[in-house]
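Asker: Input structure: my_file_22.tsv, which contains TSV, C-alpha atoms.
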chain	number	residue	atom	x	y	z
A	1	MET	CA	112.67	88.57	80.40
A	2	THR	CA	116.21	89.32	81.42
A	3	ASP	CA	118.07	89.11	78.14
A	4	GLY	CA	120.58	91.82	77.33
A	5	ALA	CA	118.38	93.21	74.62
A	6	LYS	CA	118.89	96.33	72.58
A	7	PHE	CA	116.13	98.89	72.87
A	8	ALA	CA	114.32	99.66	69.67
A	9	TYR	CA	112.03	102.20	71.31
A	10	TRP	CA	114.46	104.93	72.17
A	11	ILE	CA	112.88	108.30	71.37
A	12	PRO	CA	115.51	110.80	70.22
A	13	MET	CA	115.48	114.48	71.19
A	14	THR	CA	113.11	113.81	74.09
A	15	LYS	CA	112.99	116.17	77.06
A	16	PHE	CA	112.66	114.21	80.28
A	17	PRO	CA	109.77	115.30	82.52
A	18	THR	CA	110.87	116.85	85.78
A	19	PRO	CA	109.65	115.37	89.07
A	20	VAL	CA	108.16	118.07	91.25
A	21	SER	CA	109.46	116.85	94.58
A	22	ASN	CA	111.08	113.44	94.68
A	23	HIS	CA	114.66	114.57	94.22
A	24	SER	CA	116.47	113.33	97.31
A	25	VAL	CA	117.01	109.57	97.60
A	26	VAL	CA	118.50	108.14	100.79
A	27	VAL	CA	119.40	104.45	101.05
A	28	LEU	CA	119.86	102.78	104.42
A	29	ALA	CA	123.05	100.97	105.40
A	30	TYR	CA	123.24	98.69	108.42
A	31	ASP	CA	125.50	96.13	110.02
A	32	GLU	CA	125.45	92.87	108.01
A	33	LEU	CA	124.26	94.87	105.02
A	34	CYS	CA	122.86	92.98	102.01
A	35	THR	CA	125.40	94.17	99.45
A	36	PHE	CA	123.53	93.18	96.30
A	37	GLU	CA	120.32	94.98	97.22
A	38	PHE	CA	122.32	97.98	98.43
A	39	GLY	CA	124.27	98.01	95.16
A	40	LEU	CA	121.07	98.10	93.13
A	41	ALA	CA	119.96	101.31	94.81
A	42	VAL	CA	123.40	102.88	94.42
A	43	GLU	CA	123.60	101.93	90.74
A	44	VAL	CA	120.15	103.28	89.87
A	45	PHE	CA	119.91	106.38	92.05
A	46	GLY	CA	123.48	107.19	93.09
A	47	LEU	CA	125.36	106.95	89.82
A	48	PRO	CA	126.00	110.34	88.18
A	49	ARG	CA	123.85	110.72	85.09
A	50	PRO	CA	124.72	114.04	83.43
A	51	GLU	CA	122.58	113.14	80.42
A	52	MET	CA	119.54	113.60	82.66
A	53	GLY	CA	120.35	117.22	83.41
A	54	SER	CA	120.35	119.05	86.73
A	55	ASN	CA	117.01	117.69	87.95
A	56	TRP	CA	118.14	114.12	88.50
A	57	TYR	CA	118.08	112.57	91.97
A	58	SER	CA	120.50	113.57	94.70
A	59	PHE	CA	121.75	110.62	96.71
A	60	ALA	CA	123.05	109.80	100.18
A	61	VAL	CA	123.65	106.78	102.40
A	62	ALA	CA	122.28	106.84	105.96
A	63	SER	CA	123.70	104.57	108.65
A	64	VAL	CA	121.30	102.71	110.90
A	65	ASP	CA	124.00	101.47	113.29
A	66	GLU	CA	127.02	103.08	114.91
A	67	GLY	CA	130.64	102.24	114.12
A	68	PRO	CA	132.02	100.59	110.99
A	69	LEU	CA	129.30	98.72	109.11
A	70	ARG	CA	130.18	95.20	108.08
A	71	ALA	CA	128.55	94.21	104.83
A	72	MET	CA	128.16	90.69	103.51
A	73	GLY	CA	131.36	89.49	101.87
A	74	GLY	CA	133.73	91.19	104.30
A	75	VAL	CA	133.15	94.70	102.97
A	76	THR	CA	132.95	97.69	105.30
A	77	ILE	CA	130.73	100.68	104.54
A	78	GLU	CA	131.19	104.31	105.49
A	79	ALA	CA	127.89	106.18	105.33
A	80	ASP	CA	127.29	109.85	104.57
A	81	GLY	CA	125.50	110.34	107.88
A	82	GLY	CA	123.00	108.89	110.30
A	83	LEU	CA	119.24	108.63	110.31
A	84	ASP	CA	118.99	112.41	110.48
A	85	LEU	CA	119.39	112.28	106.69
A	86	LEU	CA	115.90	110.81	106.52
A	87	THR	CA	114.35	114.05	107.74
A	88	ALA	CA	114.88	115.70	104.34
A	89	ALA	CA	114.65	112.61	102.10
A	90	ASP	CA	111.96	112.43	99.44
A	91	THR	CA	112.52	108.72	98.82
A	92	ILE	CA	113.99	106.21	101.27
A	93	VAL	CA	115.25	102.80	100.15
A	94	VAL	CA	115.51	99.85	102.53
A	95	PRO	CA	117.85	97.39	100.74
A	96	GLY	CA	117.00	94.11	102.42
A	97	TRP	CA	117.47	93.41	106.11
A	98	ARG	CA	119.93	91.34	108.12
A	99	GLY	CA	117.27	88.74	108.85
A	100	ALA	CA	113.51	88.47	108.53
A	101	ALA	CA	113.23	87.66	112.22
A	102	CYS	CA	115.87	90.17	113.37
A	103	PRO	CA	114.40	92.98	115.48
A	104	VAL	CA	114.19	96.39	113.86
A	105	PRO	CA	115.76	99.11	116.08
A	106	LYS	CA	113.26	101.49	117.65
A	107	HIS	CA	115.16	104.55	116.42
A	108	LEU	CA	114.87	103.29	112.83
A	109	ILE	CA	111.15	102.62	113.23
A	110	LYS	CA	110.63	106.12	114.59
A	111	ALA	CA	112.64	107.72	111.78
A	112	LEU	CA	110.71	105.84	109.09
A	113	GLN	CA	107.36	106.64	110.67
A	114	HIS	CA	108.25	110.32	110.84
A	115	ALA	CA	109.44	110.36	107.21
A	116	ALA	CA	106.34	108.54	105.94
A	117	GLY	CA	104.13	110.82	108.02
A	118	ARG	CA	105.43	113.91	106.26
A	119	GLY	CA	104.93	112.29	102.83
A	120	ALA	CA	108.28	110.69	101.95
A	121	ARG	CA	108.18	107.61	99.76
A	122	VAL	CA	109.56	104.44	101.31
A	123	LEU	CA	110.73	101.58	99.12
A	124	SER	CA	111.89	98.12	100.21
A	125	ILE	CA	113.84	95.49	98.32
A	126	CYS	CA	113.46	91.80	99.22
A	127	SER	CA	113.58	91.25	103.02
A	128	GLY	CA	113.52	95.01	103.60
A	129	VAL	CA	109.75	94.59	103.67
A	130	PHE	CA	110.08	93.36	107.27
A	131	VAL	CA	111.47	96.76	108.26
A	132	LEU	CA	108.50	98.54	106.71
A	133	ALA	CA	106.15	96.06	108.35
A	134	ALA	CA	107.73	96.54	111.79
A	135	ALA	CA	107.29	100.29	111.40
A	136	GLY	CA	103.58	99.81	110.70
A	137	LEU	CA	103.85	101.31	107.22
A	138	LEU	CA	102.20	98.33	105.55
A	139	THR	CA	99.22	97.87	107.84
A	140	ASN	CA	96.09	97.33	105.71
A	141	LYS	CA	98.18	97.70	102.57
A	142	ARG	CA	99.38	95.31	99.92
A	143	ALA	CA	103.01	94.25	99.78
A	144	THR	CA	105.28	91.61	98.35
A	145	THR	CA	108.67	90.08	99.06
A	146	HIS	CA	110.86	87.19	97.99
A	147	TRP	CA	108.81	84.02	97.58
A	148	ARG	CA	110.80	82.39	100.40
A	149	TYR	CA	109.50	84.96	102.88
A	150	THR	CA	105.83	85.29	101.96
A	151	GLU	CA	104.47	82.79	104.48
A	152	LEU	CA	106.62	84.24	107.26
A	153	LEU	CA	105.48	87.76	106.40
A	154	LYS	CA	101.84	86.63	106.52
A	155	SER	CA	102.24	84.96	109.89
A	156	MET	CA	104.20	87.82	111.49
A	157	PHE	CA	102.03	90.63	110.11
A	158	PRO	CA	98.48	89.39	109.38
A	159	ALA	CA	97.24	92.96	108.77
A	160	ILE	CA	99.29	93.10	105.56
A	161	SER	CA	97.74	91.86	102.32
A	162	VAL	CA	100.68	89.84	100.99
A	163	VAL	CA	100.69	89.52	97.20
A	164	GLU	CA	102.54	86.36	96.28
A	165	GLY	CA	104.68	85.72	93.22
A	166	VAL	CA	104.75	89.24	91.73
A	167	LEU	CA	107.85	91.36	91.10
A	168	TYR	CA	106.72	94.46	92.98
A	169	VAL	CA	103.73	96.28	94.43
A	170	ASP	CA	103.21	100.04	94.18
A	171	GLU	CA	100.95	101.48	96.88
A	172	GLY	CA	101.69	105.11	96.05
A	173	ASP	CA	104.17	106.26	98.69
A	174	ILE	CA	104.95	102.73	99.95
A	175	LEU	CA	106.54	100.34	97.47
A	176	THR	CA	107.84	96.80	97.94
A	177	SER	CA	109.71	94.44	95.66
A	178	ALA	CA	110.39	90.74	95.53
A	179	GLY	CA	113.82	89.21	95.92
A	180	SER	CA	117.02	90.94	94.92
A	181	ALA	CA	116.95	91.54	91.15
A	182	ALA	CA	113.25	92.48	91.24
A	183	GLY	CA	114.49	95.57	93.07
A	184	LEU	CA	115.84	96.78	89.73
A	185	ASP	CA	112.39	96.44	88.20
A	186	LEU	CA	110.92	98.50	91.02
A	187	CYS	CA	113.63	101.17	90.77
A	188	LEU	CA	113.06	101.49	87.03
A	189	HIS	CA	109.33	101.68	87.69
A	190	LEU	CA	109.96	104.58	90.06
A	191	ILE	CA	112.05	106.38	87.43
A	192	ARG	CA	109.20	105.86	84.98
A	193	ARG	CA	106.80	107.41	87.50
A	194	ASP	CA	109.07	110.39	88.12
A	195	PHE	CA	110.65	111.10	84.75
A	196	GLY	CA	108.69	109.09	82.18
A	197	ALA	CA	109.39	106.16	79.90
A	198	ALA	CA	112.26	107.74	77.97
A	199	ALA	CA	114.28	108.29	81.15
A	200	ALA	CA	113.58	104.75	82.37
A	201	ASN	CA	114.71	103.45	78.99
A	202	SER	CA	117.90	105.47	79.17
A	203	VAL	CA	118.83	104.05	82.58
A	204	ALA	CA	117.87	100.55	81.47
A	205	ARG	CA	120.11	100.85	78.42
A	206	ARG	CA	123.10	101.60	80.64
A	207	LEU	CA	122.19	98.65	82.84
A	208	VAL	CA	121.68	96.46	79.74
A	209	LEU	CA	118.20	95.57	80.96
A	210	PRO	CA	114.67	95.60	79.60
A	211	SER	CA	113.15	98.97	80.42
A	212	HIS	CA	109.98	97.62	81.96
A	213	ARG	CA	108.68	94.39	83.43
A	214	GLU	CA	105.22	94.70	84.88
A	215	GLY	CA	104.97	94.30	88.62
A	216	GLY	CA	102.50	91.47	88.20
A	217	GLN	CA	104.94	89.31	86.27
A	218	ALA	CA	105.75	86.04	88.03
A	219	GLN	CA	108.85	85.77	90.21
A	220	LEU	CA	109.42	82.15	89.24
A	221	LEU	CA	109.73	80.88	85.70
A	222	GLY	CA	109.06	77.31	84.65
A	223	ARG	CA	112.71	76.69	83.93
A	224	PRO	CA	114.78	79.71	85.06
A	225	VAL	CA	117.94	78.86	83.11
A	226	PRO	CA	117.23	77.66	79.56
A	227	GLU	CA	119.84	75.71	77.66
A	228	ASP	CA	122.38	78.05	76.10
A	229	HIS	CA	121.61	77.12	72.52
A	230	GLU	CA	117.89	77.72	73.06
A	231	ALA	CA	118.36	81.10	74.72
A	232	SER	CA	120.73	82.10	71.94
A	233	ARG	CA	117.94	81.51	69.43
A	234	ILE	CA	115.13	83.21	71.31
A	235	SER	CA	116.94	86.27	72.70
A	236	PRO	CA	117.74	87.64	69.20
A	237	LEU	CA	114.13	86.91	68.29
A	238	LEU	CA	112.97	89.22	71.07
A	239	ASP	CA	115.17	91.95	69.58
A	240	TYR	CA	113.65	91.27	66.17
A	241	ILE	CA	110.10	91.60	67.52
A	242	ARG	CA	110.95	94.87	69.26
A	243	ASP	CA	112.47	96.21	66.04
A	244	HIS	CA	109.31	95.19	64.14
A	245	ILE	CA	106.64	95.84	66.74
A	246	GLN	CA	104.27	97.20	64.08
A	247	THR	CA	104.26	93.84	62.31
A	248	ALA	CA	101.65	91.15	62.93
A	249	HIS	CA	103.69	88.23	64.30
A	250	ARG	CA	102.35	84.70	63.81
A	251	VAL	CA	103.60	81.99	66.14
A	252	ASP	CA	104.41	79.72	63.20
A	253	ASP	CA	106.61	82.42	61.64
A	254	LEU	CA	108.38	83.13	64.94
A	255	ALA	CA	109.05	79.45	65.53
A	256	LYS	CA	110.47	79.13	62.03
A	257	ARG	CA	112.72	82.16	62.58
A	258	ALA	CA	113.96	80.59	65.84
A	259	GLY	CA	114.61	77.28	64.06
A	260	MET	CA	112.22	75.29	66.27
A	261	SER	CA	109.01	73.38	65.95
A	262	LYS	CA	105.95	75.31	67.09
A	263	ARG	CA	105.51	73.11	70.18
A	264	THR	CA	109.16	73.41	71.22
A	265	PHE	CA	109.17	77.14	70.54
A	266	LEU	CA	106.14	77.81	72.74
A	267	ARG	CA	107.63	75.79	75.58
A	268	ARG	CA	111.07	77.37	75.35
A	269	PHE	CA	109.68	80.89	74.93
A	270	GLU	CA	107.73	80.57	78.17
A	271	ASP	CA	110.76	79.07	79.92
A	272	LEU	CA	112.78	82.15	79.00
A	273	THR	CA	110.22	84.93	79.41
A	274	GLY	CA	107.65	83.52	81.82
A	275	THR	CA	104.77	84.14	79.44
A	276	THR	CA	103.40	83.32	75.98
A	277	PRO	CA	104.52	85.04	72.76
A	278	SER	CA	101.19	86.81	72.36
A	279	GLN	CA	101.22	88.16	75.92
A	280	TRP	CA	104.86	89.19	75.68
A	281	ILE	CA	104.23	91.06	72.42
A	282	LEU	CA	101.17	92.74	73.95
A	283	LEU	CA	103.26	93.97	76.90
A	284	GLU	CA	105.89	95.32	74.51
A	285	ARG	CA	103.23	97.12	72.51
A	286	MET	CA	101.69	98.55	75.66
A	287	GLY	CA	105.11	99.80	76.70
A	288	ARG	CA	105.68	101.39	73.32
A	289	ALA	CA	102.26	103.08	73.42
A	290	ARG	CA	102.92	104.44	76.92
A	291	GLU	CA	106.26	105.87	75.80
A	292	LEU	CA	104.63	107.69	72.90
A	293	LEU	CA	101.74	108.95	75.02
A	294	GLU	CA	104.21	110.34	77.55
A	295	ALA	CA	106.86	111.76	75.24
A	296	SER	CA	105.13	112.75	71.99
A	297	ASP	CA	102.15	114.67	70.65
A	298	MET	CA	101.17	111.89	68.24
A	299	SER	CA	97.48	111.22	67.77
A	300	ILE	CA	95.94	108.14	69.36
A	301	GLU	CA	95.51	106.68	65.88
A	302	GLY	CA	99.18	107.30	65.07
A	303	ILE	CA	100.31	105.73	68.33
A	304	ALA	CA	98.10	102.69	67.77
A	305	ASP	CA	99.76	102.18	64.39
A	306	ALA	CA	103.31	102.80	65.66
A	307	ALA	CA	102.83	100.36	68.56
A	308	GLY	CA	101.38	97.63	66.38
A	309	PHE	CA	97.78	97.65	67.62
A	310	GLY	CA	96.41	98.26	64.16
A	311	SER	CA	93.60	100.56	65.26
A	312	ALA	CA	92.80	103.11	67.93
A	313	THR	CA	89.89	100.90	68.98
A	314	ALA	CA	92.21	98.01	69.78
A	315	LEU	CA	94.58	100.31	71.68
A	316	ARG	CA	91.73	101.72	73.76
A	317	HIS	CA	90.47	98.22	74.52
A	318	HIS	CA	93.83	97.01	75.85
A	319	PHE	CA	94.34	100.18	77.86
A	320	ARG	CA	90.96	99.71	79.53
A	321	VAL	CA	91.70	96.06	80.30
A	322	ARG	CA	95.28	96.45	81.54
A	323	MET	CA	95.40	100.04	82.79
A	324	GLY	CA	91.81	100.72	83.77
A	325	THR	CA	91.80	103.94	81.75
A	326	THR	CA	91.91	105.30	78.19
A	327	PRO	CA	95.04	106.35	76.28
A	328	LEU	CA	93.94	109.99	76.30
A	329	ALA	CA	93.21	109.93	80.04
A	330	TYR	CA	96.60	108.28	80.63
A	331	ARG	CA	98.35	111.06	78.71
A	332	GLU	CA	96.45	113.76	80.57
A	333	ARG	CA	97.17	112.12	83.93
A	334	PHE	CA	100.87	111.79	83.09
A	335	ASN	CA	101.09	115.44	82.10
A	336	ALA	CA	99.26	116.46	85.27
A	337	ASP	CA	101.67	114.38	87.39
A	338	GLN	CA	104.65	116.05	85.77
A	339	SER	CA	103.17	119.51	86.41
A	340	GLY	CA	102.66	118.79	90.08
A	341	ASP	CA	99.25	117.19	90.46
A	342	ARG	CA	100.50	113.95	92.04
A	343	ARG	CA	97.70	111.73	93.34
A	344	HIS	CA	98.91	108.14	93.18
A	345	ASP	CA	96.41	105.35	93.21
A	346	ALA	CA	97.25	102.07	94.90
A	347	VAL	CA	98.15	99.73	92.07
A	348	ILE	CA	100.07	96.60	91.36
A	349	ALA	CA	101.90	97.88	88.30
Translate the structure described by the file into structure tokens.
Answerer:
Amino acid sequence: MTDGAKFAYWIPMTKFPTPVSNHSVVVLAYDELCTFEFGLAVEVFGLPRPEMGSNWYSFAVASVDEGPLRAMGGVTIEADGGLDLLTAADTIVVPGWRGAACPVPKHLIKALQHAAGRGARVLSICSGVFVLAAAGLLTNKRATTHWRYTELLKSMFPAISVVEGVLYVDEGDILTSAGSAAGLDLCLHLIRRDFGAAAANSVARRLVLPSHREGGQAQLLGRPVPEDHEASRISPLLDYIRDHIQTAHRVDDLAKRAGMSKRTFLRRFEDLTGTTPSQWILLERMGRARELLEASDMSIEGIADAAGFGSATALRHHFRVRMGTTPLAYRERFNADQSGDRRHDAVIA
């Protein structure tokens, strides 16, 4: 689900919730820096976003190593400071690591342990999970990483419960993502946690990305790169469904709109999105319902209708199955989180 889709669920005139504490984001830079993973963190947390107001994240880059830092691709990086920046950071991002088997410096381990001990959130992208593991932050916790590294992570750190194939794992103050681009999904998930769905949507719109892919979505698709003419038929169809989320969508009708036979449509849809049409539509409806629960005072019945569930009973059922709670409890918990009562449960999003 990586098409450059327009977002039909933008909620105008919405005030973004204000995170109580997690304002300061510090991303690590190191010799042989993984530039793509580093760039993801800079783009999401470091880019000025005046539309978010004065309560948006502050951002800094902390150097792990001394001297000029050589990044992949021949780029050199000049950091804002050293690991002392971690002492005041609310969220720390580890953007990959120079090698899964490369030793993690003792001074970095100590700095991360101290930060986590005082309650800072620590987030890893791709191979950055090995840094968190070396620091002991993942002991007896769940974590994920790029599918190429899962077996190595298991063998090196048997006390970690490695979750294979998912995009990211949220363990409250310790968060890990799969390879590279899944880091964007985790960063958007963090924005959703801190500021709500409308803010995550706003950032996603600027990135030309879907606002939310669940952490449990598979890393690998059956055929990662569909033929151009097939993707060009299905991607606009995804926009159409989002624009008409209240409508009951039959597979036969969707296949006809895409100009394919039902059998071909189902196969190509899963190739592109990694799931079936019914599951994809359900996730979109869940996302829409969560946005409205977070950012509006609509009744549960009204939200069920607006999100395409048809009835409040159906909405409550899917919330219990997928979220382990009720829509009303979700709204109350979200409002409590935004007012300062932050008690995160360990959850694969």
Asker: Taking all atoms listed in the file into account, which of A:Gly287, A:Gly96, A:Pro68, A:Gly196 comes nearest A:Arg242?
Answerer: A:Gly287
Asker: Using all atoms listed in the file, which residues sit within 9 Å of A:Val104 once same-chain residues fewer than 4 positions away are excluded, as a ChimeraX atom specification?
Answerer: /A:97,108-109,130-131,134-135
Asker: Any chance you could tabulate, as a Markdown table, the residues of stretch 267-290 of chain A at most 12 Å from stretch 254-261 of chain A with each one's nearest atom pair and distance in Å to one decimal, using only C-alpha atoms, in chain and rising number order?
Answerer:
| residue | atom | partner | partner_atom | distance |
| --- | --- | --- | --- | --- |
| A:Arg267 | CA | A:Ser261 | CA | 10.0 |
| A:Arg268 | CA | A:Met260 | CA | 9.4 |
| A:Phe269 | CA | A:Ala255 | CA | 9.5 |
| A:Pro277 | CA | A:Leu254 | CA | 8.9 |
| A:Ser278 | CA | A:Leu254 | CA | 11.0 |
| A:Ile281 | CA | A:Leu254 | CA | 11.7 |
Asker: Excluding A:Leu292 and any residue of its chain fewer than 6 positions from it, enumerate the residues within 9 Å of it, using only C-alpha atoms, and give them as a PyMOL selection string.
Answerer: chain A and resi 11+197+298+303+306-307
Asker: Name the closest residue to A:Tyr57 among the candidates A:Ile191, A:Leu186, A:Ala115, A:Ala101; distances are taken between atoms, counting all atoms listed in the file.
Answerer: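 That would be A:Ile191, the residue with the smallest distance to A:Tyr57.
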Asker: Using only C-alpha atoms, pick whichever of A:Leu237, A:Val163, A:Ala89, A:Ala29 has the shortest atom-to-atom distance to A:Glu66.
Answerer: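 The closest residue to A:Glu66 is A:Ala29.
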Asker: Extract, using only C-alpha atoms, all DNA, RNA and protein residues at most 10 Å from A:Pro48, discarding same-chain residues fewer than 5 positions from it, and format them as number ranges by chain.
Answerer: A: 43, 56-59
Asker: Which is closest to A:Pro50 among A:Glu37, A:Ser180, A:Ser202, A:Thr91, if we use only C-alpha atoms?
Answerer: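 Result for the nearest residue to A:Pro50: A:Ser202.
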Asker: Near A:Thr139, within 12 Å and counting all atoms listed in the file, which residues show up once chain neighbours fewer than 4 positions away are dropped, as a list in words?
Answerer: Val129, Phe130, Leu132, Ala133, Ala134, Ala135, Ala143, Leu153, Lys154, Met156, Phe157, Pro158, Ala159, Ile160, Ser161, Val162, Glu171 and Ile174 of chain A
Asker: May I have the protein, DNA and RNA residues with any atom at most 6 Å from the point (97.3, 105.3, 70.5), counting only C-alpha atoms, written as a PyMOL selection string?
Answerer: chain A and resi 300-301+303-304+312+315
Asker: Skipping near chain neighbours, those fewer than 2 positions away, what residues fall within 12 Å of A:His114 using only C-alpha atoms, listed as a list of chain:residue names?
Answerer: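 My list of contacting residues is A:Leu83, A:Asp84, A:Leu86, A:Thr87, A:Ala88, A:Ala89, A:Ile92, A:His107, A:Leu108, A:Ile109, A:Lys110, A:Ala111, A:Leu112, A:Ala116, A:Gly117, A:Arg118, A:Gly119, A:Ala120, A:Arg121, A:Val122, A:Ala135, A:Gly136, A:Leu137.
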Asker: To one decimal place in Å, what is the distance between atom CA of A:Gly183 and atom CA of A:Ile125?
Answerer: 5.3 Å
